[in-house]
Amino acid sequence: MELGCRIDTRAKLGAKSWNGTSVTIHLPAAADELRNLDTLTPREIVAELDRYVVGQQAAKRSVAVALRNRIRRQRLPPEVASEVVPRNILMIGPTGVGKTEIARRLARLSGSPFVKVEASKYTEVGYVGRDVDSMIRDLTESAVDMVRREKRAEVKEKAERNVEERLLDLLLPPPRPGFAAEGEGPAGERAGEEPLRSTREKLREQLRRGALDTRMVEVEVRERSFPSFQILTNQGVEEMDVNLKDMLPGLFGGKTKQRRVTVPEAREVLRSEEEARLVDAEQVARLAVERVQNSGIVFIDEIDKIAGREGGHGPDVSREGVQRDILPIVEGTTVSTKYGPVHTDHVLFIAAGAFHVSKPSDLIPELQGRFPIRVELESLGLEDLVRILTEPRNALIKQYQALLATEGVEVSFTDEAIREMARFATDVNNATENIGARRLSTILETVLDEVSFEGGAAGPRAVRIDAAEVRAKLAPLVKDQDLSRFIL
């Protein structure tokens, strides 16, 4: 199976500003700008993660080694590879320090199916909570969507050609079989085909130029109806859904109807139909299941919320029950999905939690043993927040600058202003709840509130934010502890 990672390039998108001038916005590299993951060493994987996550080198090293071990496993003989299981990772650290972002970027880097689940949601229904198998079903759905997009991209050119022919058939319906435009017999039919072919080619040229975009055509679309009932059983809703679709196919979106739409809208409808027709659904399901089994990543967040041991009361019973339900999934089992059975033996599990009240040793011993690699993430300090504001490719300041640039507003920050925002974020985190880098979003929203509200209404202009303006906006809120709890 081919895996890849993003190379250090940027895609440029030309956005129109309020006065029609073109503004260049740098976006992350496109999906086709991939390198072969086989060529990346753990050190290079860490360097890729450094472009999005500041600090936390220990966690980056651990996930880089885990990812590289997958490539090493694929090079082993089958009888040896089947015995090599992933080294699951337990990340320990407060909220907002990059636990989720590291796992998400790792999945994007490797092109692996990825799903993030909250461990606490499995305590909401009864004592054992929601069916834990649903995390593997969600992962499989993610893989199916990923493979389907790849396959549709492969057949895109052929689908476009088919769509063009179908649009021309709608704009200029072909003559009925056996109908002769001039005279009788085959000679008359051939004579009548010439002007029809010429007219069709003229329409094709106009269609490609967009000259027919205002024309209305009738297309047959499938109704997106879904019955509004739900059946809860031990199998779960998903399994019942499969059975109902088999028994009552007409009830689940099988009907079609005629709609009158413009040519661009018809193109979208027909393109979707053609791509679905050209892509083999069984092949998509098979490849998706293989990808889940060999490279799937499950991120279990808030695992500290289910860290309860025997002898507890109330929700503690539920917590231990959820741990025992998660255990076979992590150990390796077979989960039934609508796309076939999925074996979880080689799925990588990354668990994370703050562990403020509980500690990792409060997990049941069997589950502790399934997360052999433990990494403690550090709390973010002033210098870390300064770097987060400016260094990553998706830094908050760069996002706000790009958004306002679409309306002709060029926003810049002095170095002192950036440091002041980081200092205020640190002070509020220390005085109230420490939510790490997430505090910076609230700080920036407060500082840029007036600029964002006015936007380009006053015309194109340059706005420079200095330290004095930051202090004027934030100091009153930080001093008032009650206000800062609600606003910042």
# chains A, B, ... in the order shown; residues from 1 in each chain; ligands from 1
call {"tool": "select_by_dssp", "arguments": {"residues": "range 266-390 of chain A", "states": "strand (DSSP E or B)", "output": "ChimeraX atom specification"}}
result
/A:297-301,334-337,340-343,348-353,373-376
call {"tool": "atom_distance", "arguments": {"atom1": "CA of Ala354 in chain A", "atom2": "CA of Asp138 in chain A"}}
result
24.5 Å
call {"tool": "residues_around", "arguments": {"residues": "range 111-124 of chain A", "least_positions_apart": "5", "cutoff": "9 Å", "atoms": "only C-alpha atoms", "output": "VMD selection string"}}
result
chain A and resid 2 to 5 100 103 to 104 106 129 to 132 135 to 136 138 to 144 146 288 291 to 292 295 to 306 315 318 to 319 321 to 322
call {"tool": "atom_distance", "arguments": {"atom1": "CA of Val284 in chain A", "atom2": "CA of Lys151 in chain A"}}
result
7.8 Å
call {"tool": "closest_residue", "arguments": {"among": "A:Glu320, A:Glu454, A:Glu275, A:Asp427", "to": "Arg149 in chain A", "atoms": "only C-alpha atoms"}}
result
A:Glu275
call {"tool": "atom_distance", "arguments": {"atom1": "CA of Ala351 in chain A", "atom2": "CA of Ala58 in chain A"}}
result
15.2 Å
call {"tool": "closest_residue", "arguments": {"among": "A:Ala153, A:Val342, A:Ile45, A:Val409", "to": "Leu287 in chain A", "atoms": "only C-alpha atoms"}}
result
A:Val342
call {"tool": "residues_around", "arguments": {"residues": "Glu83 in chain A", "least_positions_apart": "2", "cutoff": "10 Å", "atoms": "only C-alpha atoms", "output": "tab-separated table (two decimals) with N, CA and C atoms, in the first residue's frame"}}
result
chain	number	residue	atom	x	y	z
A	73	ARG	N	7.82	-2.68	9.32
A	73	ARG	CA	7.04	-3.92	9.39
A	73	ARG	C	6.64	-4.39	8.00
A	78	PRO	N	5.96	-12.02	5.59
A	78	PRO	CA	4.60	-12.05	6.15
A	78	PRO	C	4.50	-12.78	7.47
A	79	GLU	N	5.22	-13.89	7.61
A	79	GLU	CA	5.10	-14.66	8.86
A	79	GLU	C	5.69	-13.90	10.05
A	80	VAL	N	6.68	-13.05	9.79
A	80	VAL	CA	7.26	-12.24	10.87
A	80	VAL	C	6.42	-10.98	11.10
A	81	ALA	N	5.96	-10.35	10.01
A	81	ALA	CA	5.18	-9.11	10.12
A	81	ALA	C	3.90	-9.31	10.92
A	85	VAL	N	3.40	-6.10	16.52
A	85	VAL	CA	2.23	-5.26	16.82
A	85	VAL	C	2.70	-3.84	17.10
A	86	PRO	N	1.82	-2.84	16.89
A	86	PRO	CA	2.21	-1.45	17.14
A	86	PRO	C	2.48	-1.20	18.62
A	345	ASP	N	-5.60	-5.79	15.11
A	345	ASP	CA	-4.30	-6.17	15.67
A	345	ASP	C	-3.20	-5.17	15.36
A	346	HIS	N	-3.26	-4.53	14.18
A	346	HIS	CA	-2.17	-3.64	13.77
A	346	HIS	C	-2.63	-2.18	13.65
call {"tool": "residues_around", "arguments": {"residues": "Met91 in chain A", "least_positions_apart": "5", "cutoff": "10 Å", "atoms": "only C-alpha atoms", "output": "number ranges by chain"}}
result
A: 59, 62, 99-100, 301, 303, 350-355, 371, 373-377
call {"tool": "write_last_selection", "arguments": {"atoms": "C-alpha atoms", "output": "tab-separated table (two decimals), in the first residue's frame"}}
result
chain	number	residue	atom	x	y	z
A	59	ALA	CA	5.97	13.22	21.92
A	62	SER	CA	7.57	8.73	19.91
A	99	LYS	CA	-1.69	16.25	21.98
A	100	THR	CA	-4.50	16.06	19.43
A	301	ASP	CA	-8.88	11.54	24.07
A	303	ILE	CA	-8.85	8.67	28.74
A	350	ILE	CA	-2.80	6.90	20.78
A	351	ALA	CA	-4.45	7.75	24.09
A	352	ALA	CA	-4.25	11.14	25.79
A	353	GLY	CA	-5.37	12.72	29.02
A	354	ALA	CA	-4.52	15.50	31.45
A	355	PHE	CA	-4.55	13.18	34.51
A	371	PHE	CA	0.18	1.46	26.10
A	373	ILE	CA	5.13	4.14	25.46
A	374	ARG	CA	4.30	6.99	27.83
A	375	VAL	CA	5.13	10.58	26.98
A	376	GLU	CA	4.62	13.58	29.24
A	377	LEU	CA	3.91	16.81	27.39
